[in-house]
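K.L.:
I'd like to ask some things about the structure below.
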Amino acid sequence: MKKFAFIGGGSFGFTRTLVRDLLTFPAFADCEIALMDIDPERLDYIKQACEKIVRAGNYPAKVTATTDRVEALKGADGVLCTILAGDVEVWKHDILIPEKYGIDINIGDTRGPSGIFRALRTIPVMLDICADIEKYCPNAIFLNYTNPMAMLCRAMQEKYPNLHITGLCHSVQGTANMLAEWVGAPLDEVTYTCAGVNHQAFYLDLKWNGEDMYPLIDKALENPEIMNKEQVRNDLYKHLGYYVTESSGHNSEYVAWYRKRKDLIEKYCTDGTNWNPGHHRYILDHYLSRKDNWRDDIKSYLDKPDSEIDLNRGNEYAAYIFNAVFGDNTMFKFNGNVRNYNLIDNLPEGCCVEVPVVASRDSLEAIAVGKLPEQLAVLVNTTARCEELAVQAALEGDARKVFWACAFDPLTSAVLSLDEIQQMVNEMLEQNKDYLPWYKG
């Protein structure tokens with residue numbers, strides 16, 4: 001019987017999906033699902049939901065729940081992490097303080113000043129998790145879903161190089177599915193090589209039954225309805241020649257071209273269905289709107305008859321990876337977050353990159369992709385080097401490197417002077433001092 005530890009298991013949507021997928025594999029039908037969260041109420045809800053999935057599928061699996069991380073991790077074969085370090089009252093300042101200085105943020109969980117400070121708070125927690133994994137389940141496969149993905153994985157993989165750690169993001173397969181729909185291609189006939197950094201990886205080749213799919217995407221974008229679904233990403237593709245993985249809302253923050261002026265936001269970020277990129281602090285307003293009613297959706301799910309529970313396997317990578325490594329050993333190729341050792345030639349050595357990885361019996365092997373096209377390398381290098389500075393800042397307790405990481409962020413530097421950036425960073429450091437023991441003010 002295999003054991004899967006869910007750290008941050010109170011993430012109701014993610015945990016349900018991942019548990020459902022795991023149980024569809026015969027090798028895991030009798031597994032132990034060990035749920036861990038620091039919020040007892042959320043933990044109770046997700047335990048009920050997982051037990052409902054087990055009943056609906058008539059699986060012999062066992063579901064346990066605990067607020068003790070060590071108890072969940074002991075003897076685990078697989079570990080999944082979906083934590084959030086601090087609730088909305090903590091991370092809202094990652095968005096509100098930059099807003100005071102004129103930086104318009106839509107999501108703010110990945111990079112830029114908001115993502116950097118989320119990383120500074122979260123990296124110590126992730127390293128504590130790794131320390132427990134090293135002690136209680138050192139051979140486990142650790143799959144991280146928590147953002148900021150690249151900075152967290154980079155820190156963990158440096159401090160714990162002997163652990164089996166990678167980070168997963170559904171934007172790779174999600175965007176491939178979106179593009180396939182736009183051109184009318186069945187997804188199982190689409191192949192691609194995708195590489196870069198998390199949320200800023202590009203489809204270096206994209207084929208339908210062996211034929212280049214990009215000319216078909218060009219044709220699809222002549223349709224204004226499709227063009228307006230992803231204004232920022234479609235504009236990036238028009239100018240850079242390759243399609244990027246993550247949504248327009250996210251990518252509008254990662255570059256200097258779309259959010260530095262109100263007229264540009266109105267031109268490029270007003271339409272679209274993905275994360276509503278024109279909405280300043282969209283994700284913050286979304287969380288605040290659900291602060292008092294998040295239980296409603298959960299209770300609605302729990303009130304469903306077991307016969308109405310969807311048991312069909314989804315397209316998240318985690319269950320397929322576990323099955324390849326210690327299930328029935330069916331090899332599985334996915335995009336994972338790993339350190340750049342001879343994988344992408346024109347990105348910094350050792351930075352965290354998102355590249356193809358093959359999962360097979362007791363193994364995760366990253367695949368080298370060579371060089372990025374030069375125009376992509378310029379863009380992604382800036383991202384990777386800012387992330388390197390931020391990780392070094394977290395590991396060394398160096399406030400100066402926090403400033404440098406923010407100073408070279410494309411959107412931040414397009415809006416603010418260096419003195420203004422320093423003032424903003426100082427305010428953010430002071431706001432987060434309870435979470436940064438190395439910061440003395």
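We label chains A, B, ... in the order they appear in the structure tokens, count residues from 1 in each chain, and number ligands from 1 in the order shown.
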For A:Leu429, list every protein, DNA or RNA residue within 10 Å, evaluated using only C-alpha atoms, and leave out those in the same chain fewer than 3 positions away; present the list as a PDB file with N, CA, C and O atoms, in the first residue's frame.
P.N.:
```pdb
ATOM      1  N   PHE A 117       8.271  38.899  -2.594  1.00  0.00           N
ATOM      2  CA  PHE A 117       7.984  38.884  -1.158  1.00  0.00           C
ATOM      3  C   PHE A 117       7.192  37.651  -0.753  1.00  0.00           C
ATOM      4  O   PHE A 117       7.345  37.150   0.368  1.00  0.00           O
ATOM      5  N   LEU A 120       9.969  35.215  -0.277  1.00  0.00           N
ATOM      6  CA  LEU A 120      10.731  35.434   0.952  1.00  0.00           C
ATOM      7  C   LEU A 120      10.014  34.849   2.163  1.00  0.00           C
ATOM      8  O   LEU A 120      10.658  34.307   3.071  1.00  0.00           O
ATOM      9  N   ALA A 399      19.018  41.966   2.404  1.00  0.00           N
ATOM     10  CA  ALA A 399      18.008  42.920   1.945  1.00  0.00           C
ATOM     11  C   ALA A 399      18.446  43.651   0.684  1.00  0.00           C
ATOM     12  O   ALA A 399      17.605  44.074  -0.125  1.00  0.00           O
ATOM     13  N   VAL A 402      17.297  41.731  -2.233  1.00  0.00           N
ATOM     14  CA  VAL A 402      15.853  41.908  -2.439  1.00  0.00           C
ATOM     15  C   VAL A 402      15.620  43.136  -3.314  1.00  0.00           C
ATOM     16  O   VAL A 402      14.849  43.104  -4.280  1.00  0.00           O
ATOM     17  N   PHE A 403      16.310  44.228  -2.975  1.00  0.00           N
ATOM     18  CA  PHE A 403      16.184  45.454  -3.768  1.00  0.00           C
ATOM     19  C   PHE A 403      16.613  45.220  -5.208  1.00  0.00           C
ATOM     20  O   PHE A 403      15.931  45.609  -6.155  1.00  0.00           O
ATOM     21  N   GLN A 423      12.521  52.765  -1.863  1.00  0.00           N
ATOM     22  CA  GLN A 423      11.514  53.160  -0.873  1.00  0.00           C
ATOM     23  C   GLN A 423      10.407  52.120  -0.771  1.00  0.00           C
ATOM     24  O   GLN A 423       9.981  51.751   0.333  1.00  0.00           O
ATOM     25  N   MET A 424       9.948  51.634  -1.917  1.00  0.00           N
ATOM     26  CA  MET A 424       8.900  50.603  -1.927  1.00  0.00           C
ATOM     27  C   MET A 424       9.389  49.323  -1.251  1.00  0.00           C
ATOM     28  O   MET A 424       8.675  48.731  -0.422  1.00  0.00           O
ATOM     29  N   VAL A 425      10.584  48.878  -1.594  1.00  0.00           N
ATOM     30  CA  VAL A 425      11.137  47.653  -1.009  1.00  0.00           C
ATOM     31  C   VAL A 425      11.288  47.803   0.501  1.00  0.00           C
ATOM     32  O   VAL A 425      10.970  46.879   1.266  1.00  0.00           O
ATOM     33  N   ASN A 426      11.762  48.957   0.952  1.00  0.00           N
ATOM     34  CA  ASN A 426      11.894  49.178   2.400  1.00  0.00           C
ATOM     35  C   ASN A 426      10.545  49.050   3.096  1.00  0.00           C
ATOM     36  O   ASN A 426      10.445  48.465   4.184  1.00  0.00           O
ATOM     37  N   ASN A 432       6.714  42.997   6.226  1.00  0.00           N
ATOM     38  CA  ASN A 432       6.909  41.548   6.339  1.00  0.00           C
ATOM     39  C   ASN A 432       7.918  41.149   7.409  1.00  0.00           C
ATOM     40  O   ASN A 432       8.335  39.992   7.451  1.00  0.00           O
ATOM     41  N   LYS A 433       8.297  42.067   8.290  1.00  0.00           N
ATOM     42  CA  LYS A 433       9.386  41.792   9.226  1.00  0.00           C
ATOM     43  C   LYS A 433       9.099  40.606  10.139  1.00  0.00           C
ATOM     44  O   LYS A 433      10.031  39.900  10.556  1.00  0.00           O
ATOM     45  N   ASP A 434       7.832  40.339  10.438  1.00  0.00           N
ATOM     46  CA  ASP A 434       7.512  39.202  11.311  1.00  0.00           C
ATOM     47  C   ASP A 434       7.781  37.865  10.624  1.00  0.00           C
ATOM     48  O   ASP A 434       7.851  36.828  11.292  1.00  0.00           O
ATOM     49  N   TYR A 435       7.900  37.878   9.296  1.00  0.00           N
ATOM     50  CA  TYR A 435       8.115  36.645   8.528  1.00  0.00           C
ATOM     51  C   TYR A 435       9.550  36.527   8.034  1.00  0.00           C
ATOM     52  O   TYR A 435       9.896  35.526   7.412  1.00  0.00           O
ATOM     53  N   LEU A 436      10.365  37.555   8.285  1.00  0.00           N
ATOM     54  CA  LEU A 436      11.746  37.581   7.819  1.00  0.00           C
ATOM     55  C   LEU A 436      12.662  37.793   9.021  1.00  0.00           C
ATOM     56  O   LEU A 436      13.057  38.926   9.322  1.00  0.00           O
ATOM     57  N   TYR A 439      15.634  40.128   8.889  1.00  0.00           N
ATOM     58  CA  TYR A 439      15.494  41.571   8.612  1.00  0.00           C
ATOM     59  C   TYR A 439      15.413  42.340   9.917  1.00  0.00           C
ATOM     60  O   TYR A 439      14.514  42.136  10.717  1.00  0.00           O
ATOM     61  N   LYS A 440      16.323  43.258  10.094  1.00  0.00           N
ATOM     62  CA  LYS A 440      16.399  44.017  11.340  1.00  0.00           C
ATOM     63  C   LYS A 440      15.881  45.448  11.197  1.00  0.00           C
ATOM     64  O   LYS A 440      15.829  46.186  12.170  1.00  0.00           O
ATOM     65  N   GLY A 441      15.489  45.850   9.985  1.00  0.00           N
ATOM     66  CA  GLY A 441      14.939  47.188   9.803  1.00  0.00           C
ATOM     67  C   GLY A 441      15.996  48.251   9.666  1.00  0.00           C
ATOM     68  O   GLY A 441      17.188  48.002   9.704  1.00  0.00           O
TER      69      GLY A 441
END
```
K.L.:
From the DSSP assignment of the backbone, select every residue of stretch 197-386 of chain A that is strand (DSSP E or B), and format the answer as a PyMOL selection string.
P.N.:
chain A and resi 197+200-208+211-212+244+332-339+344+352-360+363-366+370
K.L.:
Selected residues, N, CA, C and O atoms, written as a short mmCIF file (atom, residue, chain, number, x, y, z; two decimals), in the first residue's frame, please.
P.N.:
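out37.cif written:
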```cif
data_model
loop_
_atom_site.label_atom_id
_atom_site.label_comp_id
_atom_site.auth_asym_id
_atom_site.auth_seq_id
_atom_site.Cartn_x
_atom_site.Cartn_y
_atom_site.Cartn_z
N VAL A 197 11.18 29.27 -18.26
CA VAL A 197 10.99 29.24 -16.82
C VAL A 197 9.50 29.17 -16.54
O VAL A 197 8.67 29.44 -17.41
N GLN A 200 6.69 31.32 -17.92
CA GLN A 200 7.28 32.03 -19.04
C GLN A 200 8.10 31.04 -19.87
O GLN A 200 9.23 31.28 -20.24
N ALA A 201 7.47 29.90 -20.13
CA ALA A 201 8.03 28.90 -21.02
C ALA A 201 7.33 29.04 -22.37
O ALA A 201 6.18 29.49 -22.45
N PHE A 202 8.01 28.63 -23.43
CA PHE A 202 7.49 28.82 -24.78
C PHE A 202 7.49 27.49 -25.53
O PHE A 202 8.38 26.65 -25.32
N TYR A 203 6.50 27.32 -26.42
CA TYR A 203 6.44 26.13 -27.26
C TYR A 203 7.42 26.31 -28.40
O TYR A 203 7.14 27.00 -29.39
N LEU A 204 8.59 25.70 -28.26
CA LEU A 204 9.66 25.87 -29.25
C LEU A 204 9.32 25.15 -30.54
O LEU A 204 9.75 25.56 -31.62
N ASP A 205 8.63 24.06 -30.44
CA ASP A 205 7.97 23.47 -31.61
C ASP A 205 6.61 22.97 -31.16
O ASP A 205 6.41 22.58 -30.01
N LEU A 206 5.67 23.03 -32.06
CA LEU A 206 4.27 22.70 -31.77
C LEU A 206 3.70 22.07 -33.03
O LEU A 206 3.61 22.73 -34.07
N LYS A 207 3.34 20.79 -32.95
CA LYS A 207 2.97 20.06 -34.16
C LYS A 207 1.66 19.31 -33.99
O LYS A 207 1.33 18.83 -32.90
N TRP A 208 0.95 19.22 -35.09
CA TRP A 208 -0.27 18.41 -35.18
C TRP A 208 0.02 17.31 -36.19
O TRP A 208 0.23 17.58 -37.36
N GLU A 211 3.07 17.95 -38.29
CA GLU A 211 3.13 19.17 -39.10
C GLU A 211 3.08 20.41 -38.20
O GLU A 211 2.36 20.43 -37.19
N ASP A 212 3.85 21.43 -38.55
CA ASP A 212 3.92 22.67 -37.78
C ASP A 212 2.52 23.25 -37.57
O ASP A 212 1.78 23.48 -38.53
N VAL A 244 3.56 31.58 -25.39
CA VAL A 244 3.97 31.42 -24.00
C VAL A 244 2.90 30.66 -23.22
O VAL A 244 1.71 30.69 -23.59
N PHE A 332 6.22 8.44 -18.39
CA PHE A 332 5.39 9.62 -18.58
C PHE A 332 6.28 10.84 -18.75
O PHE A 332 7.19 11.09 -17.96
N LYS A 333 6.02 11.60 -19.81
CA LYS A 333 6.78 12.82 -20.10
C LYS A 333 5.95 14.04 -19.69
O LYS A 333 4.77 14.12 -20.02
N PHE A 334 6.58 14.95 -19.01
CA PHE A 334 5.88 16.15 -18.54
C PHE A 334 6.85 17.31 -18.49
O PHE A 334 8.05 17.14 -18.72
N ASN A 335 6.36 18.49 -18.22
CA ASN A 335 7.24 19.63 -18.00
C ASN A 335 7.37 19.88 -16.50
O ASN A 335 6.37 20.07 -15.81
N GLY A 336 8.61 19.87 -16.02
CA GLY A 336 8.86 20.06 -14.59
C GLY A 336 9.87 21.17 -14.35
O GLY A 336 10.57 21.61 -15.27
N ASN A 337 9.94 21.60 -13.11
CA ASN A 337 10.85 22.66 -12.70
C ASN A 337 12.07 22.06 -12.02
O ASN A 337 11.96 21.44 -10.96
N VAL A 338 13.23 22.26 -12.65
CA VAL A 338 14.48 21.66 -12.20
C VAL A 338 15.60 22.68 -12.38
O VAL A 338 15.44 23.70 -13.07
N ARG A 339 16.76 22.41 -11.80
CA ARG A 339 17.89 23.33 -11.95
C ARG A 339 18.55 23.15 -13.32
O ARG A 339 18.59 22.05 -13.88
N ILE A 344 19.21 24.25 -20.69
CA ILE A 344 18.97 25.38 -21.60
C ILE A 344 20.27 26.18 -21.64
O ILE A 344 20.66 26.81 -20.66
N CYS A 352 16.44 27.92 -11.96
CA CYS A 352 15.33 26.98 -12.10
C CYS A 352 14.67 27.16 -13.45
O CYS A 352 14.21 28.27 -13.78
N VAL A 353 14.63 26.11 -14.23
CA VAL A 353 14.01 26.15 -15.55
C VAL A 353 12.86 25.14 -15.61
O VAL A 353 12.78 24.21 -14.81
N GLU A 354 11.98 25.36 -16.56
CA GLU A 354 10.86 24.44 -16.79
C GLU A 354 11.10 23.78 -18.14
O GLU A 354 11.04 24.44 -19.19
N VAL A 355 11.38 22.48 -18.12
CA VAL A 355 11.77 21.74 -19.32
C VAL A 355 11.08 20.38 -19.31
O VAL A 355 10.54 19.95 -18.29
N PRO A 356 11.14 19.66 -20.44
CA PRO A 356 10.60 18.30 -20.45
C PRO A 356 11.37 17.39 -19.49
O PRO A 356 12.59 17.47 -19.38
N VAL A 357 10.61 16.55 -18.80
CA VAL A 357 11.17 15.58 -17.85
C VAL A 357 10.48 14.25 -18.12
O VAL A 357 9.27 14.20 -18.37
N VAL A 358 11.24 13.16 -18.06
CA VAL A 358 10.67 11.83 -18.23
C VAL A 358 10.66 11.13 -16.88
O VAL A 358 11.70 10.99 -16.23
N ALA A 359 9.48 10.69 -16.48
CA ALA A 359 9.32 9.89 -15.27
C ALA A 359 9.26 8.42 -15.66
O ALA A 359 8.49 8.03 -16.55
N SER A 360 10.08 7.61 -15.00
CA SER A 360 10.06 6.17 -15.22
C SER A 360 10.43 5.50 -13.91
O SER A 360 10.54 6.16 -12.88
N SER A 363 12.81 7.09 -11.25
CA SER A 363 13.65 8.08 -11.92
C SER A 363 12.85 9.25 -12.46
O SER A 363 11.75 9.07 -13.01
N LEU A 364 13.42 10.46 -12.30
CA LEU A 364 12.95 11.66 -12.99
C LEU A 364 14.15 12.22 -13.75
O LEU A 364 15.12 12.65 -13.13
N GLU A 365 14.10 12.22 -15.08
CA GLU A 365 15.25 12.64 -15.88
C GLU A 365 14.85 13.81 -16.77
O GLU A 365 13.99 13.69 -17.64
N ALA A 366 15.51 14.97 -16.54
CA ALA A 366 15.24 16.15 -17.36
C ALA A 366 15.91 16.01 -18.72
O ALA A 366 16.96 15.37 -18.86
N GLY A 370 18.79 22.61 -25.47
CA GLY A 370 19.70 23.48 -26.19
C GLY A 370 19.44 24.94 -25.90
O GLY A 370 19.15 25.33 -24.77
#
```
K.L.:
Can you tell me which residues surround A:Ile105 at a distance of at most 9 Å, considering only C-alpha atoms, apart from same-chain residues fewer than 5 positions away, and format the answer as a PyMOL selection string?
P.N.:
chain A and resi 95-96+98-99+114+249-250+252-253+259+277+279-282
K.L.:
Restricting the calculation to only C-alpha atoms: of A:Gly174, A:Lys260, A:Arg154, A:Arg361, which residue gets closest to A:Phe322?
P.N.:
A:Arg361
K.L.:
So the first atom is atom CA of A:Ala61 and the second is atom CA of A:Met1; what is the distance between them in Å, to one decimal place?
P.N.:
8.8 Å
K.L.:
Quote the spacing between atom CA of A:Glu32 and atom CA of A:Lys3 in Å to one decimal place.
P.N.:
4.7 Å
K.L.:
Have a look at A:Cys50, A:Asp30, A:Ala65, A:Phe12 and name the one nearest to A:Leu311; count only C-alpha atoms.
P.N.:
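Between A:Cys50, A:Asp30, A:Ala65, A:Phe12, the residue approaching A:Leu311 most closely is A:Cys50.
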K.L.:
When distances are computed from only C-alpha atoms, which of A:Ile53, A:Pro373, A:Thr24, A:Ile141 shows the smallest separation from A:Ala76?
P.N.:
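Among the listed residues, the smallest separation from A:Ala76 belongs to A:Ile141.
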K.L.:
Considering only C-alpha atoms, can you say which of A:Gly10, A:Pro26, A:Gly57, A:Pro410 comes closest to A:Asp44?
P.N.:
A:Gly10
K.L.:
Extract, using only C-alpha atoms, all DNA, RNA and protein residues at most 7 Å from A:Thr64, discarding same-chain residues fewer than 2 positions from it, and format them as a PyMOL selection string.
P.N.:
chain A and resi 33-35+62+66
K.L.:
Residues as selected, N, CA, C and O atoms, written as a PDB file, in the first residue's frame, can you do that?
P.N.:
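part-v6.pdb, freshly written:
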```
ATOM      1  N   ILE A  33      -4.249   8.137   1.859  1.00  0.00           N
ATOM      2  CA  ILE A  33      -4.225   9.568   1.585  1.00  0.00           C
ATOM      3  C   ILE A  33      -4.061  10.274   2.930  1.00  0.00           C
ATOM      4  O   ILE A  33      -4.980  10.289   3.748  1.00  0.00           O
ATOM      5  N   ALA A  34      -2.878  10.829   3.176  1.00  0.00           N
ATOM      6  CA  ALA A  34      -2.585  11.475   4.455  1.00  0.00           C
ATOM      7  C   ALA A  34      -2.676  12.992   4.267  1.00  0.00           C
ATOM      8  O   ALA A  34      -1.784  13.611   3.683  1.00  0.00           O
ATOM      9  N   LEU A  35      -3.751  13.568   4.732  1.00  0.00           N
ATOM     10  CA  LEU A  35      -4.016  14.993   4.556  1.00  0.00           C
ATOM     11  C   LEU A  35      -3.449  15.772   5.738  1.00  0.00           C
ATOM     12  O   LEU A  35      -3.694  15.426   6.890  1.00  0.00           O
ATOM     13  N   LYS A  62      -7.561   4.453   2.163  1.00  0.00           N
ATOM     14  CA  LYS A  62      -7.788   4.987   3.511  1.00  0.00           C
ATOM     15  C   LYS A  62      -7.433   6.471   3.515  1.00  0.00           C
ATOM     16  O   LYS A  62      -6.419   6.879   2.947  1.00  0.00           O
ATOM     17  N   THR A  66      -4.502  15.165   9.655  1.00  0.00           N
ATOM     18  CA  THR A  66      -3.738  15.586  10.823  1.00  0.00           C
ATOM     19  C   THR A  66      -3.235  17.013  10.625  1.00  0.00           C
ATOM     20  O   THR A  66      -3.034  17.458   9.491  1.00  0.00           O
TER      21      THR A  66
END
```
K.L.:
Could you go through stretch 155-402 of chain A and tell me which residues DSSP, when run on the backbone, assigns to alpha helix (DSSP H), listing them as a PyMOL selection string?
P.N.:
chain A and resi 155-159+171-183+214-220+224-229+231-240+248-254+262-268+282-290+294-302+318-326+374-396+399-402
K.L.:
Hey, which of A:Asp292, A:Asp21, A:Asp87, A:Asp132 ends up closest to A:Ile38? Count only C-alpha atoms.
P.N.:
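Selected residue with least distance to A:Ile38: A:Asp87.
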K.L.:
Using only C-alpha atoms, which of the listed residues (A:Tyr341, A:Tyr254, A:Tyr101, A:Phe28) sits closest to A:Asp409?
P.N.:
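Smallest separation from A:Asp409 among the options: A:Tyr254.
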K.L.:
One number please: atom CA of A:Asn198 to atom CA of A:Met227, in Å, one decimal.
P.N.:
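These atoms are spaced 23.6 Å apart.
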